[in-house]
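So this one's my_file-v7.cif, mmCIF, C-alpha atoms:
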data_target
loop_
_atom_site.label_atom_id
_atom_site.label_comp_id
_atom_site.auth_asym_id
_atom_site.auth_seq_id
_atom_site.Cartn_x
_atom_site.Cartn_y
_atom_site.Cartn_z
CA MET A 1 19.79 7.07 -0.28
CA TRP A 2 16.61 9.10 -0.71
CA LEU A 3 14.49 6.70 1.38
CA LEU A 4 16.77 7.26 4.38
CA GLU A 5 15.83 10.94 4.36
CA ALA A 6 12.17 10.11 4.94
CA ASN A 7 10.54 10.26 8.35
CA ALA A 8 8.29 7.57 9.81
CA ILE A 9 5.05 9.21 8.67
CA GLN A 10 6.26 9.47 5.08
CA LYS A 11 7.38 5.84 5.04
CA ARG A 12 4.09 4.58 6.49
CA ALA A 13 2.07 6.63 4.00
CA LEU A 14 4.09 5.21 1.11
CA LEU A 15 3.74 1.68 2.47
CA ALA A 16 -0.02 2.02 2.95
CA ALA A 17 -0.60 3.37 -0.57
CA SER A 18 1.73 0.75 -2.07
CA LEU A 19 0.04 -2.14 -0.27
CA GLY A 20 -3.38 -0.90 -1.29
CA TRP A 21 -2.33 -0.54 -4.93
CA MET A 22 -0.50 -3.89 -4.98
CA LEU A 23 -3.49 -5.78 -3.60
CA ASP A 24 -5.84 -3.83 -5.86
CA SER A 25 -3.79 -5.08 -8.80
CA MET A 26 -3.77 -8.64 -7.51
CA ASP A 27 -7.53 -8.73 -7.01
CA VAL A 28 -8.36 -7.15 -10.36
CA MET A 29 -5.91 -9.22 -12.41
CA LEU A 30 -7.10 -12.51 -10.95
CA TYR A 31 -9.92 -12.21 -13.48
CA SER A 32 -7.49 -12.09 -16.41
CA MET A 33 -5.50 -15.00 -15.04
CA VAL A 34 -8.51 -17.36 -14.83
CA LEU A 35 -10.39 -15.89 -17.79
CA ALA A 36 -9.90 -18.82 -20.17
CA HIS A 37 -11.29 -21.25 -17.54
CA MET A 38 -14.26 -19.03 -16.65
CA MET A 39 -15.15 -18.70 -20.32
CA ARG A 40 -15.43 -22.48 -20.52
CA ASP A 41 -17.36 -23.06 -17.27
CA LEU A 42 -19.78 -20.13 -17.55
CA GLY A 43 -20.21 -20.37 -21.31
CA MET A 44 -18.80 -16.92 -22.09
CA THR A 45 -17.74 -15.86 -25.56
CA GLU A 46 -14.76 -13.55 -26.10
CA GLY A 47 -17.18 -10.65 -26.39
CA LYS A 48 -18.92 -11.41 -23.09
CA ALA A 49 -15.61 -11.98 -21.33
CA GLY A 50 -14.40 -8.59 -22.52
CA LEU A 51 -17.70 -7.04 -21.44
CA MET A 52 -17.16 -8.25 -17.86
CA ALA A 53 -13.82 -6.44 -17.72
CA SER A 54 -15.39 -3.38 -19.32
CA LEU A 55 -18.13 -3.27 -16.66
CA THR A 56 -15.46 -3.30 -13.95
CA LEU A 57 -13.65 -0.38 -15.54
CA ALA A 58 -16.84 1.62 -16.07
CA SER A 59 -17.73 1.12 -12.42
CA SER A 60 -14.23 2.12 -11.36
CA ALA A 61 -14.74 5.50 -13.03
CA ALA A 62 -17.67 6.19 -10.71
CA GLY A 63 -15.80 4.74 -7.73
CA GLY A 64 -12.72 6.86 -8.35
CA THR A 65 -14.73 10.04 -8.55
CA LEU A 66 -16.78 9.26 -5.43
CA PHE A 67 -13.81 8.17 -3.34
CA GLY A 68 -11.80 11.18 -4.53
CA ILE A 69 -14.50 13.51 -3.23
CA LEU A 70 -14.69 11.45 -0.04
CA ALA A 71 -10.92 11.75 0.43
CA ASP A 72 -11.13 15.55 0.16
CA ARG A 73 -13.96 15.60 2.71
CA VAL A 74 -12.98 13.02 5.37
CA GLY A 75 -9.30 12.35 4.68
CA ARG A 76 -6.96 10.37 2.46
CA SER A 77 -6.27 7.56 4.92
CA ARG A 78 -9.92 6.96 5.82
CA ALA A 79 -11.04 6.87 2.19
CA LEU A 80 -8.14 4.55 1.29
CA LEU A 81 -9.23 2.12 4.00
CA ALA A 82 -12.82 2.07 2.75
CA SER A 83 -11.81 1.47 -0.88
CA ILE A 84 -9.66 -1.54 0.05
CA LEU A 85 -12.52 -3.11 2.00
CA VAL A 86 -14.89 -2.76 -0.96
CA TYR A 87 -12.66 -4.30 -3.61
CA SER A 88 -11.45 -7.18 -1.42
CA ILE A 89 -14.95 -8.25 -0.36
CA PHE A 90 -16.38 -8.29 -3.87
CA THR A 91 -13.34 -9.97 -5.40
CA SER A 92 -14.03 -12.89 -3.10
CA ALA A 93 -17.70 -12.77 -4.05
CA CYS A 94 -16.77 -13.41 -7.71
CA GLY A 95 -15.93 -16.97 -6.67
CA LEU A 96 -19.61 -17.49 -5.79
CA ALA A 97 -20.97 -16.46 -9.20
CA GLN A 98 -23.16 -19.13 -10.79
CA ASN A 99 -23.85 -17.29 -14.03
CA VAL A 100 -22.75 -14.33 -16.09
CA ALA A 101 -25.33 -11.95 -14.56
CA GLN A 102 -24.10 -12.62 -11.01
CA LEU A 103 -20.49 -12.23 -12.10
CA ALA A 104 -21.33 -8.90 -13.75
CA LEU A 105 -22.89 -7.60 -10.51
CA PHE A 106 -19.86 -8.57 -8.42
CA ARG A 107 -17.43 -7.08 -10.96
CA ILE A 108 -19.34 -3.78 -10.94
CA LEU A 109 -19.23 -3.57 -7.13
CA LEU A 110 -15.55 -4.55 -7.11
CA GLY A 111 -14.86 -1.73 -9.56
CA LEU A 112 -16.14 0.90 -7.14
CA GLY A 113 -13.39 0.10 -4.62
CA MET A 114 -10.77 -0.49 -7.29
CA GLY A 115 -11.37 2.96 -8.76
CA GLY A 116 -11.18 4.66 -5.38
CA GLU A 117 -7.87 3.24 -4.22
CA TRP A 118 -5.60 5.05 -6.66
CA ALA A 119 -6.99 8.54 -6.05
CA CYS A 120 -6.74 8.16 -2.27
CA GLY A 121 -3.28 6.58 -2.29
CA ALA A 122 -1.81 9.02 -4.83
CA ALA A 123 -2.99 12.04 -2.84
CA LEU A 124 -1.67 10.52 0.40
CA VAL A 125 1.83 9.96 -1.03
CA ALA A 126 2.02 13.27 -2.91
CA GLU A 127 1.08 15.25 0.19
CA THR A 128 3.54 13.56 2.54
CA TRP A 129 6.63 13.60 0.29
CA PRO A 130 8.71 16.67 -0.74
CA SER A 131 8.96 17.70 -4.38
CA ARG A 132 12.59 16.56 -4.78
CA HIS A 133 11.58 12.94 -4.05
CA ARG A 134 7.91 12.96 -5.03
CA GLY A 135 8.49 11.38 -8.43
CA LYS A 136 10.50 8.54 -6.91
CA ALA A 137 7.91 7.96 -4.17
CA MET A 138 5.09 7.87 -6.72
CA GLY A 139 7.16 5.48 -8.80
CA VAL A 140 7.53 3.11 -5.85
CA MET A 141 3.80 3.26 -5.20
CA GLN A 142 2.95 2.61 -8.86
CA SER A 143 5.50 -0.21 -9.05
CA SER A 144 3.47 -2.17 -6.52
CA TRP A 145 0.91 -2.76 -9.29
CA ALA A 146 3.47 -4.99 -11.03
CA VAL A 147 4.07 -6.87 -7.78
CA GLY A 148 0.32 -7.40 -7.41
CA TYR A 149 0.02 -8.64 -11.00
CA ALA A 150 2.86 -11.09 -10.37
CA LEU A 151 1.16 -12.21 -7.14
CA ALA A 152 -2.01 -12.87 -9.13
CA ALA A 153 -0.03 -15.02 -11.56
CA GLY A 154 1.71 -16.93 -8.78
CA LEU A 155 -1.50 -17.42 -6.81
CA THR A 156 -3.27 -18.71 -9.91
CA ALA A 157 -0.48 -21.20 -10.66
CA LEU A 158 -0.67 -22.45 -7.07
CA VAL A 159 -4.44 -22.57 -6.54
CA LEU A 160 -6.08 -23.08 -9.93
CA PRO A 161 -4.78 -26.60 -10.74
CA ARG A 162 -5.72 -27.85 -7.26
CA TRP A 163 -9.01 -26.16 -6.40
CA GLY A 164 -10.25 -24.39 -9.53
CA TRP A 165 -10.88 -20.78 -10.45
CA ARG A 166 -13.44 -20.14 -7.71
CA ALA A 167 -10.84 -20.72 -5.00
CA VAL A 168 -8.55 -18.21 -6.74
CA PHE A 169 -11.16 -15.49 -6.17
CA PHE A 170 -11.76 -16.54 -2.56
CA ALA A 171 -8.11 -15.72 -1.83
CA GLY A 172 -8.85 -12.17 -2.94
CA VAL A 173 -10.40 -11.27 0.41
CA ALA A 174 -6.93 -11.13 2.04
CA PRO A 175 -6.39 -7.37 1.39
CA ALA A 176 -9.09 -6.58 3.94
CA LEU A 177 -6.56 -7.40 6.67
CA VAL A 178 -4.38 -4.45 5.60
CA THR A 179 -7.08 -2.00 6.65
CA PHE A 180 -6.51 -2.74 10.35
CA TRP A 181 -2.88 -1.62 10.07
CA ILE A 182 -3.79 1.51 8.08
CA ARG A 183 -6.37 2.56 10.67
CA ARG A 184 -3.82 2.42 13.49
CA ASN A 185 -0.65 3.67 11.79
CA VAL A 186 -1.35 6.08 8.93
CA PRO A 187 -2.43 9.64 9.91
CA GLU A 188 -3.88 12.19 7.54
CA PRO A 189 -1.29 14.43 5.77
CA GLU A 190 -0.53 17.69 7.53
CA ILE A 191 -1.15 19.74 4.38
CA TRP A 192 -4.66 18.26 4.14
CA ARG A 193 -5.39 19.02 7.79
CA ARG A 194 -4.27 22.63 7.33
CA SER A 195 -6.40 22.94 4.22
CA LYS A 196 -9.49 21.73 6.10
CA GLU A 197 -8.84 24.18 8.94
CA THR A 198 -8.52 27.04 6.47
CA ALA A 199 -11.63 26.03 4.57
CA GLY A 200 -13.65 25.74 7.79
CA THR A 201 -17.04 24.27 7.07
CA LYS A 202 -16.95 24.96 3.34
CA SER A 203 -18.21 22.01 1.34
CA GLY A 204 -15.60 20.11 -0.64
CA ILE A 205 -18.21 19.55 -3.33
CA SER A 206 -18.68 23.28 -3.89
CA GLY A 207 -14.91 23.60 -4.18
CA LEU A 208 -15.02 21.30 -7.22
CA SER A 209 -16.31 24.20 -9.28
CA LYS A 210 -12.66 25.32 -9.55
CA LEU A 211 -11.91 22.23 -11.63
CA TRP A 212 -13.98 23.38 -14.56
CA GLN A 213 -12.67 26.94 -14.73
CA GLY A 214 -9.76 28.60 -16.53
CA GLU A 215 -6.36 26.98 -16.22
CA TYR A 216 -7.62 24.10 -14.09
CA GLY A 217 -10.32 23.32 -16.66
CA ARG A 218 -7.73 23.10 -19.46
CA HIS A 219 -5.48 20.89 -17.36
CA LEU A 220 -8.44 18.69 -16.46
CA ALA A 221 -9.28 18.16 -20.13
CA VAL A 222 -5.71 17.36 -21.22
CA THR A 223 -4.90 15.02 -18.34
CA THR A 224 -8.21 13.18 -18.72
CA LEU A 225 -7.76 12.68 -22.48
CA ALA A 226 -4.14 11.56 -22.14
CA ASN A 227 -5.04 9.14 -19.40
CA ALA A 228 -8.04 7.84 -21.37
CA GLY A 229 -5.73 6.91 -24.23
CA THR A 230 -3.17 5.15 -22.07
CA MET A 231 -5.88 3.43 -20.03
CA PHE A 232 -7.62 2.19 -23.17
CA ALA A 233 -4.32 0.79 -24.41
CA TRP A 234 -3.36 -0.75 -21.05
CA TRP A 235 -6.62 -2.52 -20.30
CA GLY A 236 -7.14 -3.61 -23.88
CA LEU A 237 -3.67 -5.14 -23.93
CA PHE A 238 -3.08 -6.51 -20.42
CA THR A 239 -6.58 -7.89 -19.87
CA TRP A 240 -6.04 -10.19 -22.83
CA ILE A 241 -2.33 -11.03 -22.64
CA PRO A 242 -2.84 -14.01 -20.25
CA ALA A 243 -5.52 -15.42 -22.58
CA TYR A 244 -3.29 -14.69 -25.59
CA LEU A 245 -0.52 -16.76 -24.03
CA SER A 246 -2.74 -19.65 -22.92
CA LEU A 247 -5.25 -20.03 -25.77
CA PRO A 248 -4.39 -22.68 -28.39
CA ALA A 249 -2.93 -21.67 -31.73
CA SER A 250 -6.22 -22.59 -33.43
CA ARG A 251 -7.81 -19.67 -31.54
CA GLY A 252 -4.98 -17.24 -32.21
CA GLY A 253 -2.99 -17.83 -29.02
CA ALA A 254 0.49 -19.07 -28.17
CA GLY A 255 -0.73 -22.34 -26.61
CA LEU A 256 1.29 -22.15 -23.36
CA SER A 257 0.42 -24.26 -20.32
CA ILE A 258 -1.01 -22.74 -17.13
CA VAL A 259 2.38 -22.86 -15.40
CA ASN A 260 4.21 -21.36 -18.40
CA THR A 261 1.61 -18.63 -18.82
CA SER A 262 2.05 -17.65 -15.17
CA THR A 263 5.85 -17.74 -15.55
CA TRP A 264 5.76 -15.53 -18.66
CA ILE A 265 3.47 -13.07 -16.83
CA ILE A 266 5.75 -12.94 -13.78
CA VAL A 267 8.79 -12.20 -16.00
CA MET A 268 6.79 -9.44 -17.67
CA GLN A 269 6.07 -7.95 -14.26
CA VAL A 270 9.80 -7.60 -13.59
CA GLY A 271 9.98 -5.24 -16.56
CA MET A 272 6.81 -3.49 -15.41
CA TRP A 273 8.21 -2.92 -11.92
CA LEU A 274 11.45 -1.50 -13.33
CA GLY A 275 9.45 0.78 -15.61
CA TYR A 276 7.48 2.24 -12.72
CA VAL A 277 10.50 2.78 -10.48
CA SER A 278 12.85 4.08 -13.18
CA PHE A 279 10.27 6.65 -14.25
CA GLY A 280 10.48 8.33 -10.86
CA PHE A 281 14.27 8.68 -10.99
CA ILE A 282 14.33 9.82 -14.62
CA SER A 283 11.51 12.34 -14.21
CA ASP A 284 13.02 13.79 -11.04
CA ARG A 285 16.15 14.47 -13.10
CA ILE A 286 14.99 15.53 -16.59
CA GLY A 287 11.30 16.39 -16.04
CA ARG A 288 7.88 14.76 -15.87
CA LYS A 289 6.60 15.58 -19.35
CA LYS A 290 9.59 14.39 -21.39
CA THR A 291 9.70 11.08 -19.55
CA TYR A 292 5.92 10.58 -19.71
CA VAL A 293 5.69 11.17 -23.46
CA GLY A 294 8.80 9.12 -24.19
CA TYR A 295 7.48 6.04 -22.42
CA ILE A 296 4.11 6.25 -24.20
CA PHE A 297 5.53 6.56 -27.72
CA THR A 298 7.96 3.69 -27.12
CA ALA A 299 5.09 1.46 -25.94
CA ALA A 300 3.15 2.32 -29.10
CA ALA A 301 6.05 1.06 -31.22
CA ILE A 302 6.60 -2.20 -29.31
CA VAL A 303 3.01 -3.49 -29.15
CA PRO A 304 2.76 -4.48 -32.86
CA VAL A 305 5.96 -6.51 -32.51
CA TYR A 306 4.56 -8.41 -29.52
CA GLY A 307 1.25 -9.10 -31.22
CA SER A 308 2.85 -10.41 -34.40
CA THR A 309 4.75 -13.32 -32.83
CA ARG A 310 3.65 -16.67 -31.41
CA ASP A 311 7.13 -17.94 -30.60
CA PRO A 312 7.33 -18.60 -26.82
CA THR A 313 10.96 -17.44 -26.54
CA CYS A 314 10.27 -14.18 -28.35
CA LEU A 315 7.21 -13.56 -26.19
CA LEU A 316 9.30 -14.17 -23.08
CA LEU A 317 11.96 -11.68 -24.21
CA ILE A 318 9.62 -8.95 -25.45
CA GLY A 319 7.27 -9.24 -22.48
CA PRO A 320 9.43 -7.24 -20.02
CA LEU A 321 9.78 -4.43 -22.58
CA ILE A 322 6.01 -4.28 -22.97
CA GLY A 323 5.71 -4.15 -19.19
CA PHE A 324 8.45 -1.49 -18.82
CA PHE A 325 7.23 1.07 -21.36
CA GLY A 326 3.57 0.04 -21.47
CA THR A 327 2.96 0.83 -17.79
CA GLY A 328 5.83 2.93 -16.38
CA TYR A 329 4.25 6.21 -17.48
CA PHE A 330 1.55 5.84 -14.79
CA SER A 331 4.15 6.93 -12.23
CA GLY A 332 4.32 10.24 -14.05
CA PHE A 333 0.58 10.74 -14.20
CA GLY A 334 0.26 10.69 -10.42
CA ALA A 335 3.06 13.21 -9.93
CA ILE A 336 1.89 15.53 -12.72
CA THR A 337 -1.71 15.72 -11.53
CA ALA A 338 -0.63 16.19 -7.90
CA GLU A 339 1.54 19.14 -8.91
CA ILE A 340 -1.08 20.75 -11.17
CA PHE A 341 -4.03 20.88 -8.76
CA PRO A 342 -4.22 22.50 -5.27
CA THR A 343 -4.74 20.61 -2.01
CA ALA A 344 -8.44 21.45 -1.53
CA ILE A 345 -9.40 19.64 -4.76
CA ARG A 346 -6.33 17.44 -5.35
CA ALA A 347 -7.84 14.02 -4.58
CA SER A 348 -11.07 14.93 -6.39
CA ALA A 349 -9.11 16.08 -9.45
CA GLN A 350 -6.94 12.98 -9.45
CA GLY A 351 -9.96 10.75 -8.98
CA ILE A 352 -11.81 12.43 -11.85
CA THR A 353 -8.92 12.57 -14.33
CA TYR A 354 -7.71 9.05 -13.60
CA ASN A 355 -11.09 7.38 -13.48
CA LEU A 356 -12.91 9.23 -16.23
CA GLY A 357 -10.01 8.02 -18.34
CA ARG A 358 -10.51 4.55 -16.98
CA GLY A 359 -14.23 4.84 -17.70
CA VAL A 360 -13.48 5.55 -21.36
CA SER A 361 -11.09 2.62 -21.37
CA ALA A 362 -13.96 0.36 -20.31
CA ALA A 363 -14.64 -0.15 -23.99
CA ALA A 364 -11.15 -1.58 -24.56
CA PRO A 365 -11.47 -5.19 -23.27
CA PHE A 366 -14.78 -5.57 -25.11
CA ALA A 367 -13.44 -4.01 -28.33
CA VAL A 368 -10.28 -6.13 -28.32
CA GLY A 369 -12.34 -9.25 -27.54
CA ARG A 370 -14.78 -8.63 -30.37
CA LEU A 371 -12.02 -7.79 -32.85
CA SER A 372 -10.06 -10.88 -31.85
CA SER A 373 -13.05 -13.15 -32.48
CA LYS A 374 -12.69 -12.32 -36.19
CA HIS A 375 -9.00 -11.56 -36.65
CA GLY A 376 -7.18 -13.01 -33.62
CA LEU A 377 -5.73 -11.33 -30.54
CA GLY A 378 -2.42 -10.45 -32.20
CA PHE A 379 -4.20 -8.29 -34.76
CA ALA A 380 -6.59 -6.87 -32.16
CA PHE A 381 -3.63 -5.60 -30.12
CA LEU A 382 -2.98 -3.07 -32.91
CA LEU A 383 -5.97 -1.16 -31.58
CA THR A 384 -4.06 -0.56 -28.34
CA SER A 385 -1.02 0.67 -30.26
CA VAL A 386 -3.17 3.33 -31.93
CA ALA A 387 -4.47 4.40 -28.51
CA PHE A 388 -0.89 4.80 -27.26
CA TRP A 389 0.03 7.02 -30.23
CA LEU A 390 -3.00 9.27 -29.67
CA ALA A 391 -2.33 9.52 -25.92
CA GLY A 392 1.27 10.57 -26.57
CA LEU A 393 0.17 13.33 -28.92
CA VAL A 394 -2.30 14.71 -26.36
CA ALA A 395 0.33 14.50 -23.61
CA LEU A 396 2.51 16.95 -25.54
CA LEU A 397 0.04 19.63 -24.34
CA LEU A 398 0.82 18.99 -20.66
CA PRO A 399 2.79 21.58 -18.66
CA GLU A 400 6.16 20.68 -17.14
CA THR A 401 5.64 20.40 -13.35
CA HIS A 402 9.07 19.17 -12.26
CA GLY A 403 10.17 20.90 -9.05
CA ARG A 404 6.80 22.41 -8.13
CA GLU A 405 5.92 22.60 -4.47
CA LEU A 406 2.35 21.58 -3.61
CA ARG A 407 -0.15 24.40 -3.10
#

Go ahead and express the file in the form of structure tokens.
Amino acid sequence: MWLLEANAIQKRALLAASLGWMLDSMDVMLYSMVLAHMMRDLGMTEGKAGLMASLTLASSAAGGTLFGILADRVGRSRALLASILVYSIFTSACGLAQNVAQLALFRILLGLGMGGEWACGAALVAETWPSRHRGKAMGVMQSSWAVGYALAAGLTALVLPRWGWRAVFFAGVAPALVTFWIRRNVPEPEIWRRSKETAGTKSGISGLSKLWQGEYGRHLAVTTLANAGTMFAWWGLFTWIPAYLSLPASRGGAGLSIVNTSTWIIVMQVGMWLGYVSFGFISDRIGRKKTYVGYIFTAAAIVPVYGSTRDPTCLLLIGPLIGFFGTGYFSGFGAITAEIFPTAIRASAQGITYNLGRGVSAAAPFAVGRLSSKHGLGFAFLLTSVAFWLAGLVALLLPETHGRELR
């Protein structure tokens, strides 16, 4: 088994990045899980509720870029630790919000840490794992997002009926405990240390000029646009799926109970987890680009089917397929960008491409919310299908990076 070939440092790096990403997912998706109840208590319309999610995503774009630069300057492990602290503290703070303005402030600050975690964790895993297993390792890391989403659903089902939505957010401070283990057990990658020794005192910020030149500039544009499309689709769809399941039929939803909504979401996460993990195995065998594009186009075709049904059984059956194809491609994005860009600017490049895309996607929750207020969520989900189609077309311009050793 490929995991048995790994040494202790590789395993700890993968575990640290996976835990950070899993708990990032849990903290961020708690908002979606309690959204219908917050809308009632804080007097939010669909448009305002979508705006809150959009503010988080816009902030995450800035956070991802800043933490990516920080990771190139001070180290992947240190920057990862800092990002986890930020998002866990301000997730808990959301439970203290007394009005929409306070909630917006906490969601913006949460987004800074949320955006930083992926860039730091992806660079850490990519630089500690060899090319023959990098896709699988990135797939395992990405799959932890599905676990975190499922944890958010389970935590909501357990806490919300007993103590309300504020207590759900208070539980979001738990990820801060992981930082103590990371500080003691996860060293910086050797390739990063060698790169810093070679660079001497040269500023990592000045090294970013490489990103905008020649081949790297073209790759930066393509990866950012492709990721913007998939991010727009993902956040527009998955921010609103819990509300879609729980809202009454009179408001365009499926009318499921809190427990059933959480159950449907957890089942969906099984498909999501399999999509992440399978991507790594498939792409290590047939190539990154083919697998990446194939997942995206399949997701584009499935979304209209999901949005056109209100039958609980159909939603339960289609949900895992939406999770599988609608998220699994993210495993490929981490591997592709790691293999395109060199070590000195890798985390910065990944932070910029991933989070500029996420910044563009900030419009998605708001756009889907506004569109749903007139036509219903099922119809509004068509907007995300269009985004998937466009992202797949852009992704056809990506190079094939399968088998590349890191530079």

Can you list what the PyMOL selection byres ((chain A and resi 358-375) around 6) grabs from this structure, as an MDAnalysis selection string? chainID A and resid 46:47 50:51 54 57:58 61 228 231:232 236 355:357 376:377 380

Residues picked by the PyMOL selection byres ((chain A and resi 110) around 7) here, as number ranges by chain? A: 56, 86-87, 90-91, 106-109, 111-114

Restricting the calculation to only C-alpha atoms: of A:Ala152, A:Val168, A:Leu103, A:Leu382, which residue gets closest to Ala233 of chain A?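 Checking each of A:Ala152, A:Val168, A:Leu103, A:Leu382 against Ala233 of chain A, counting only C-alpha atoms, the winner is A:Leu382.
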
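Atom CA of Thr65 of chain A sits 15.8 Å away from atom CA of Leu81 of chain A.
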
How big is the axis-aligned box around all listed atoms of segment 387-401 of chain A once 5 Å goes on each side, and where's its centre, in Å to one decimal, as AutoDock Vina command-line options?
--center_x 0.8 --center_y 13.0 --center_z -21.8 --size_x 20.6 --size_y 27.2 --size_z 26.9

Rank nothing, just name the residue among A:Ile89, A:Leu14, A:Leu220, A:Val386 nearest to Ala349 of chain A, using only C-alpha atoms.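 Of the candidates, the smallest distance to Ala349 of chain A is held by A:Leu220.
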
Name the residues that the PyMOL selection byres ((chain A and resi 186-198) around 7) picks from the file above, as a list in words, using the file's chain letters and numbers. Arg12, Ala13, Gly75, Arg76, Ser77, Leu124, Glu127, Thr128, Ile182, Arg183, Arg184, Asn185, Ala199, Gly200, Thr343 and Ala344 of chain A

Kindly give the distance, in Å, that separates atom CA of Ala299 of chain A and atom CA of Phe325 of chain A, rounded to a single decimal.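 We find that atom CA of Ala299 of chain A and atom CA of Phe325 of chain A lie 5.1 Å from each other.
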
Figure out the distance between atom CA of Ser32 of chain A and atom CA of Asn260 of chain A, please, to one decimal in Å.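 Atom CA of Asn260 of chain A sits 15.1 Å away from atom CA of Ser32 of chain A.
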
For segment 139-144 of chain A, list every protein, DNA or RNA residue within 7 Å, evaluated using all atoms listed in the file, and leave out those in the same chain fewer than 5 positions away; present the list as a VMD selection string. chain A and resid 14 17 to 18 21 to 22 273 276 to 277 279 to 280 330 to 331

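Considering the residues A:Ser88, A:Gln269, A:Thr230, A:Thr261 and counting only C-alpha atoms, Ala150 of chain A has its shortest atom-to-atom contact with A:Gln269.
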
Name the closest residue to Glu400 of chain A among the candidates A:Thr291, A:Thr309, A:Thr327, A:Thr353; distances are taken between atoms, counting all atoms listed in the file. A:Thr291
